[in-house]
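First the structure, in the form of structure tokens, and then the observations on it.
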4 protein chains.
Amino acid sequence: MTDRRVLVVRETREYLLSPGETLESDLGVLELPEDIEPGATVETHLGEAFEVRRLRGTDLFDHLERTGAPMMPRDIGLVIGHSGVGSGDRVLDAGTGTGVLSAYLGRLGVGVTTYERNPQFADVARENMNLAGVDDVVDVRNGDLLEAIDDVVDEAAGFGGYDLLTLDTGDAAAIVERAPELLAPGGFVACYTPFVESARACVEAARGAGLSDRRTLETIQREMDFDARGSRPTTAGVGHTGYLTFARATSRLE
Amino acid sequence: MTDRRVLVVRETREYLLSPGETLESDLGVLELPEDIEPGATVETHLGEAFEVRRLRGTDLFDHLERTGAPMMPRDIGLVIGHSGVGSGDRVLDAGTGTGVLSAYLGRLGVGVTTYERNPQFADVARENMNLAGVDDVVDVRNGDLLEAIDDVVDEAAGFGGYDLLTLDTGDAAAIVERAPELLAPGGFVACYTPFVESARACVEAARGAGLSDRRTLETIQREMDFDARGSRPTTAGVGHTGYLTFARATSRLE
Amino acid sequence: MTDRRVLVVRETREYLLSPGETLESDLGVLELPEDIEPGATVETHLGEAFEVRRLRGTDLFDHLERTGAPMMPRDIGLVIGHSGVGSGDRVLDAGTGTGVLSAYLGRLGVGVTTYERNPQFADVARENMNLAGVDDVVDVRNGDLLEAIDDVVDEAAGFGGYDLLTLDTGDAAAIVERAPELLAPGGFVACYTPFVESARACVEAARGAGLSDRRTLETIQREMDFDARGSRPTTAGVGHTGYLTFARATSRLE
Amino acid sequence: MTDRRVLVVRETREYLLSPGETLESDLGVLELPEDIEPGATVETHLGEAFEVRRLRGTDLFDHLERTGAPMMPRDIGLVIGHSGVGSGDRVLDAGTGTGVLSAYLGRLGVGVTTYERNPQFADVARENMNLAGVDDVVDVRNGDLLEAIDDVVDEAAGFGGYDLLTLDTGDAAAIVERAPELLAPGGFVACYTPFVESARACVEAARGAGLSDRRTLETIQREMDFDARGSRPTTAGVGHTGYLTFARATSRLE
């Protein structure tokens with residue numbers, strides 16, 4: 001990660017550039033120094049100033065190429081909060097998509113192995129991990145996790161099991177059935193599913209697999225409007241995103 | 001962190017022990033080896049087996065000493081998700097309390113400076129950071145952040161500003177007024193406030209301070225019940241915890 | 001309804017009495033005059049005063065004998081609001097239970113025919129309709145609506161069809177299939193079902209029966225806490241009651 | 001109400017007509033017989049058929065002229081459910097607006113006196129009451145209830161007080177202060193207010209006025225989506241409408 005990109009910002013303009021890169025715009029030519037540091041101000045050859053700042057997690061939503069609707073910040077946060085994943089943990093992810101969840105986790109020092117069935121999407125996700133500066137900790141694999149599951153179980157056994165399994169695929173329940181072979185002791189499964197039926201299937205698979213602390217959470221989040229007339233929840237409405245189902249691989253000693 | 005504690009678990013028993021530590025219980029004496037690794041099984045002198053596993057974020061709720069109601073996993077997760085905080089970031093926190101937010105952040109590789117007014121609570125929080133294995137990255141300071149704010153602003157200037165300011169105190173709005181001096185470019189403020197009035201005060205302080213992307217989120221989270229009769233949200237009810245207000249220090253270049 | 005009962009109230013004591021009735025309590029003997037009017041004050045022979053007031057809909061929850069969990073005021077209100085039922089309308093109800101929905105409707109001048117399978121519950125419901133002063137407009141029938149459906153369809157044809165069908169039974173979907181034969185043009189079906197699956201079954205039955213304006217509503221209701229510290233939704237939590245599914249018998253002219 | 005209008009319906013066309021009225025459209029001339037009955041089918045001179053049906057409460061939203069956003073069916077229903085208002089009751093309403101609440105109540109046999117400050121709006125509301133067939137039970141008064149309050153209190157005293165006070169105006173709290181003089185024993189106040197501050201003001205006014213059973217309810221209502229893929233709350237989102245605050249005039253005997 002010697003080449004960590006930075007954001008170069010001015011009003012509503014925002015560019016994700018590598019140190020040494022040159023940007024040409026109607027405000028002139030900007031040559032970003034190799035030793036640029038966040039917090040600095042740089043100018044184009046026309047003397048127009050830009051602020052340099054670090055790329056932050058929420059900026060990913062503006063700068064990654066989308067191959068589908070990415071998981072929202074709230075749901076990514078809830079996966080982290082309810083699983084208690086930590087830096088240095090290993091996560092196995094299925095359904096990479098745009099890769100925002102993987103990038104968030106990677107930026108938190110988590111090692112991620114993520115499966116994406118669609119080869120074009122996998123390529124985009126790899127490029128996204130590069131943009132996010134996490135290509136050294138996120139391994140994007142093109143393929144179907146369920147088909148590769150026996151090999152992945154073998155890999156997991158080699159390092160003591162994954163700490164967290166994050167599933168955002170239609171066959172999540174079938175993968176949950178194999179969770180005990182994939183997870184380290186105390187590790188978590190987190191399934192993100194849009195429908196009641198798919199959430200229920202995950203809970204039932206978790207029960208069948210002997211996982212504990214099974215629960216499905218539904219989250220309704222609203223913005224508050226504070227104006228001169230008063231305070232109230234927004235009248236705009238916030239819709240359902242998905243159910244989050246968690247379960248845990250706990251001690252089988254009895 | 002050579003002395004990272006592990007959980008020693010059997011059915012509903014769960015102990016947080018350091019390698020080399022001895023535990024005496026009705027199941028016999030357990031001597032935890034110095035070189036113990038998560039995933040191992042250990043036995044008491046009576047031959048009773050325990051599973052050894054890593055301490056995870058969610059285990060903190062069971063093993064930290066409480067000095068008040070800790071922030072819940074969902075709210076901790078939402079702070080992380082909506083601020084996009086990353087490993088290596090610096091967080092300034094006010095209202096340490098039990099220290100669960102600080103411990104979660106520390107376990108994600110985030111450096112935390114946290115203020116707690118109550119000296120006894122600060123001592124407990126320090127011990128909790130030690131239990132959580134994050135005492136090297138979380139600096140618990142006994143004192144009032146608002147009183148110390150000028151010194152903290154000077155400190156912040158020395159390293160380019162904090163990446164995130166997390167406030168769980170009654171005077172959060174007054175601290176938000178100083179946020180532009182505390183934050184790095186693009187850094188976030190996150191206020192956790194129980195009441196509409198306090199959330200509104202934070203938004204208004206953020207507006208006054210010129211912060212952008214101001215918004216207050218209210219989160220309703222429910223568990224789903226899946227039983228033989230059918231699927232439904234729990235009839236038990238889930239109550240309000242607090243409003244989360246976010247705002248951002250964006251470029252002042254125009 | 002010459003014998004409409006009134007509430008005789010003092011502090012936390014509250015009695016539902018008929019004009020002319022005598023009440024003996026530790027505060028003395030109270031003889032309620034035959035010509036008693038709400039708003040009057042009456043006294044026991046010991047000179048203890050009671051206020052006389054009309055029985056209102058919400059008082060039913062305190063004074064009807066329960067044979068199960070009654071439908072809540074909010075759900076009764078939502079059935080009325082979303083169906084637009086009016087005075088003089090005819091309602092066919094299945095699953096009388098305690099009879100609170102029937103009593104509410106009866107008190108709004110709606111004629112109700114309600115089926116209760118359990119003979120003891122039907123007897124209690126009849127007595128409850130008498131207490132509520134609506135026994136002249138609510139016909140409690142002991143039996144299974146689905147078994148009696150052909151006869152009920154014949155009856156409905158005799159007066160142009162019911163204006164509203166309210167279903168709070170496990171076989172609601174099967175009754176919905178017959179709704180077009182039971183309803184007047186523009187009439188509504190309202191199903192109250194605890195589970196997603198049963199709500200879905202009602203929507204699918206309504207679709208199969210050619211009903212329009214099909215929709216299932218989920219309602220989350222919270223109380224606000226206003227105290228000296230501030231304003232917020234209650235931390236106590238409010239649970240799920242049931243889904244309300246509505247559909248309408250609209251013109252088959254095309 | 002000898003001239004009760006009926007709906008004349010065909011596919012998506014829907015006309016609110018009086019018996020004897022003539023309708024000309026591209027489908028030909030329709031002469032509605034004086035003795036028309038709901039359930040009948042009528043034809044234009046070109047032989048095009050229309051179904052005749054009764055006007056129902058929910059149809060008001062399509063056929064009344066709007067002078068502002070009308071109260072929604074759910075909120076109207078909640079006022080009815082939580083107040084337990086019954087046929088023959090008297091309601092005092094402030095903030096007539098389009099008059100949908102008044103029309104709903106009138107159609108339930110409730111006598112309504114409603115105040116509207118804007119003279120044009122009051123005229124429209126009167127016409128709307130005529131369309132809804134409730135002009136004999138709803139008295140639309142052009143004026144400010146708070147200014148007329150002393151006279152209204154005198155009127156109320158003449159018949160024993162109102163059973164329900166419904167307030168949808170900015171000065172609701174000031175009217176609540178006078179509620180004890182306006183209400184019959186056991187009568188209710190219901191305030192519909194968009195903001196937290198205005199809801200709180202109503203609760204505080206109710207407390208100051210000695211009303212009991214004070215509470216403010218917030219209602220979140222979502223539609224469920226049932227499709228071939230599964231069942232879930234709608235992703236479209238449903239926004240905040242208003243807070244409903246209830247309080248009751250209970251016995252002052254102690």
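In the structure tokens, chains take letters A, B, ... by order of appearance, with residues numbered from 1 within each chain and ligands from 1 in the order shown.
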Taking only residues of chain C that have an atom at most 6 Å from an atom of chain D, what is each one's shortest atom pair and its distance in Å to one decimal, using only C-alpha atoms, in chain and number order, as CSV?
residue,atom,partner,partner_atom,distance
C:Glu11,CA,D:Glu254,CA,5.9
C:Arg53,CA,D:Pro185,CA,5.8
C:Arg56,CA,D:Gly84,CA,5.8
C:Gly57,CA,D:Gly84,CA,3.8
C:Thr58,CA,D:Gly84,CA,4.9
C:Pro73,CA,D:Gly81,CA,4.7
C:Arg74,CA,D:Gly81,CA,5.5
C:Ile76,CA,D:Gly81,CA,5.8
C:Gly77,CA,D:Gly81,CA,3.8
C:Leu78,CA,D:Gly77,CA,4.8
C:Ile80,CA,D:Gly77,CA,5.6
C:Gly81,CA,D:Gly77,CA,3.8
C:His82,CA,D:Pro73,CA,5.4
C:Gly84,CA,D:Gly57,CA,3.8
C:Gly86,CA,D:Leu108,CA,4.9
C:Ser87,CA,D:Leu108,CA,4.5
C:Arg107,CA,D:Gly86,CA,5.2
C:Leu108,CA,D:Ser87,CA,4.5
C:Gly109,CA,D:Ser87,CA,5.8
C:Pro185,CA,D:Arg53,CA,5.8
C:Thr216,CA,D:Met224,CA,5.4
C:Leu217,CA,D:Glu223,CA,4.6
C:Glu218,CA,D:Arg222,CA,5.2
C:Thr219,CA,D:Gln221,CA,4.4
C:Ile220,CA,D:Ile220,CA,5.0
C:Gln221,CA,D:Thr219,CA,4.4
C:Arg222,CA,D:Glu218,CA,5.2
C:Glu223,CA,D:Leu217,CA,4.6
C:Met224,CA,D:Thr216,CA,5.4
C:Glu254,CA,D:Glu11,CA,5.9
Which residues are near stretch 212-214 of chain B? Cut-off 6 Å, only C-alpha atoms, ignore same chain within fewer than 5 positions. Put them as a list of chain:residue names.
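In the requested format, the answer is B:Phe246, B:Ala247, B:Arg248.
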Include all heavy atoms and write out the residues we just selected as a tab-separated table (two decimals), in the first residue's frame.
chain	number	residue	atom	x	y	z
B	246	PHE	N	-24.66	12.79	12.95
B	246	PHE	CA	-23.37	12.82	12.25
B	246	PHE	C	-23.19	14.16	11.54
B	246	PHE	O	-24.16	14.78	11.10
B	246	PHE	CB	-23.30	11.69	11.22
B	246	PHE	CG	-23.34	10.32	11.83
B	246	PHE	CD1	-24.53	9.62	11.96
B	246	PHE	CD2	-22.17	9.73	12.30
B	246	PHE	CE1	-24.56	8.37	12.54
B	246	PHE	CE2	-22.19	8.47	12.88
B	246	PHE	CZ	-23.39	7.79	13.00
B	247	ALA	N	-21.95	14.59	11.44
B	247	ALA	CA	-21.62	15.78	10.66
B	247	ALA	C	-20.16	15.64	10.25
B	247	ALA	O	-19.41	14.87	10.84
B	247	ALA	CB	-21.85	17.05	11.46
B	248	ARG	N	-19.78	16.43	9.26
B	248	ARG	CA	-18.46	16.22	8.67
B	248	ARG	C	-17.72	17.54	8.45
B	248	ARG	O	-18.31	18.54	8.09
B	248	ARG	CB	-18.65	15.52	7.31
B	248	ARG	CG	-17.38	14.96	6.76
B	248	ARG	CD	-17.65	14.04	5.60
B	248	ARG	NE	-16.41	13.31	5.30
B	248	ARG	CZ	-16.24	12.51	4.25
B	248	ARG	NH1	-17.24	12.31	3.43
B	248	ARG	NH2	-15.09	11.90	4.05
Stretch 76-235 of chain C: which residues are alpha helix (DSSP H) by DSSP, as an MDAnalysis selection string?
chainID C and resid 76:83 100:107 119:131 149:159 172:176 179:182 196:208
Could you pull out the strand (DSSP E or B) residues of stretch 99-193 of chain D from DSSP and send them as a count of residues only?
28
Skip stretch 27-32 of chain C itself and residues of its chain fewer than 4 positions away, then list as a list in words all residues within 8 Å of it, counting only C-alpha atoms.
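Counting only C-alpha atoms, the residues come to Leu17, Ser18, Pro19, Gly20, Glu21, Thr22, Leu23, Ile36, Val42, Glu43, Thr44, His45, Leu46 and Glu48 of chain C.
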For atom CA of C:Ser198 and atom CA of C:Asp123, quote the distance in Å rounded to one decimal.
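Those two atoms sit 27.9 Å apart.
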Atom CA of C:Arg178 and atom CA of C:Leu146, how far apart in Å?
9.3 Å
Atom-to-atom span, atom CA of C:Ala156 and atom CA of C:Leu183, Å:
7.5 Å
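Around B:Asp136, within 9 Å and counting only C-alpha atoms, the residues found are Met1, Gly106, Gly111, Met129 and Asn130 of chain B, once anything fewer than 6 positions away on its own chain is removed.
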I need the residues from that last selection saved to file as a PDB file, in the first residue's frame (with all heavy atoms), if you can.
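The file below, out14.pdb, is the result:
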ATOM      1  N   MET B   1       0.943  -6.140  24.038  1.00  0.00           N
ATOM      2  CA  MET B   1      -0.187  -7.083  24.097  1.00  0.00           C
ATOM      3  C   MET B   1       0.295  -8.529  24.072  1.00  0.00           C
ATOM      4  O   MET B   1      -0.342  -9.381  23.484  1.00  0.00           O
ATOM      5  CB  MET B   1      -1.149  -6.843  22.932  1.00  0.00           C
ATOM      6  CG  MET B   1      -2.074  -5.677  23.196  1.00  0.00           C
ATOM      7  SD  MET B   1      -3.404  -5.594  21.985  1.00  0.00           S
ATOM      8  CE  MET B   1      -2.460  -5.266  20.505  1.00  0.00           C
ATOM      9  N   GLY B 106     -10.713   0.278  19.516  1.00  0.00           N
ATOM     10  CA  GLY B 106      -9.336  -0.159  19.714  1.00  0.00           C
ATOM     11  C   GLY B 106      -9.083  -1.512  19.065  1.00  0.00           C
ATOM     12  O   GLY B 106      -8.037  -1.745  18.456  1.00  0.00           O
ATOM     13  N   GLY B 111      -6.819   4.298  17.098  1.00  0.00           N
ATOM     14  CA  GLY B 111      -6.272   4.909  18.297  1.00  0.00           C
ATOM     15  C   GLY B 111      -7.310   5.810  18.934  1.00  0.00           C
ATOM     16  O   GLY B 111      -7.897   6.653  18.254  1.00  0.00           O
ATOM     17  N   MET B 129     -10.068  -1.620  29.472  1.00  0.00           N
ATOM     18  CA  MET B 129      -9.248  -1.587  28.250  1.00  0.00           C
ATOM     19  C   MET B 129      -8.158  -2.654  28.329  1.00  0.00           C
ATOM     20  O   MET B 129      -7.806  -3.286  27.328  1.00  0.00           O
ATOM     21  CB  MET B 129      -8.610  -0.209  28.051  1.00  0.00           C
ATOM     22  CG  MET B 129      -9.606   0.917  27.786  1.00  0.00           C
ATOM     23  SD  MET B 129     -10.824   0.567  26.482  1.00  0.00           S
ATOM     24  CE  MET B 129     -12.297   0.221  27.489  1.00  0.00           C
ATOM     25  N   ASN B 130      -7.663  -2.863  29.552  1.00  0.00           N
ATOM     26  CA  ASN B 130      -6.656  -3.903  29.743  1.00  0.00           C
ATOM     27  C   ASN B 130      -7.262  -5.283  29.489  1.00  0.00           C
ATOM     28  O   ASN B 130      -6.685  -6.115  28.770  1.00  0.00           O
ATOM     29  CB  ASN B 130      -6.100  -3.797  31.178  1.00  0.00           C
ATOM     30  CG  ASN B 130      -5.055  -4.852  31.450  1.00  0.00           C
ATOM     31  OD1 ASN B 130      -5.356  -5.895  32.019  1.00  0.00           O
ATOM     32  ND2 ASN B 130      -3.827  -4.614  30.999  1.00  0.00           N
TER      33      ASN B 130
END
Near C:Thr67, within 7 Å and counting only C-alpha atoms, which residues show up once chain neighbours fewer than 2 positions away are dropped, as a VMD selection string?
chain C and resid 65 97 to 98 121
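Nearest residue to A:Ala205, choosing from A:Tyr192, A:Thr241, A:Ala103, A:Val176 and counting only C-alpha atoms: A:Val176.
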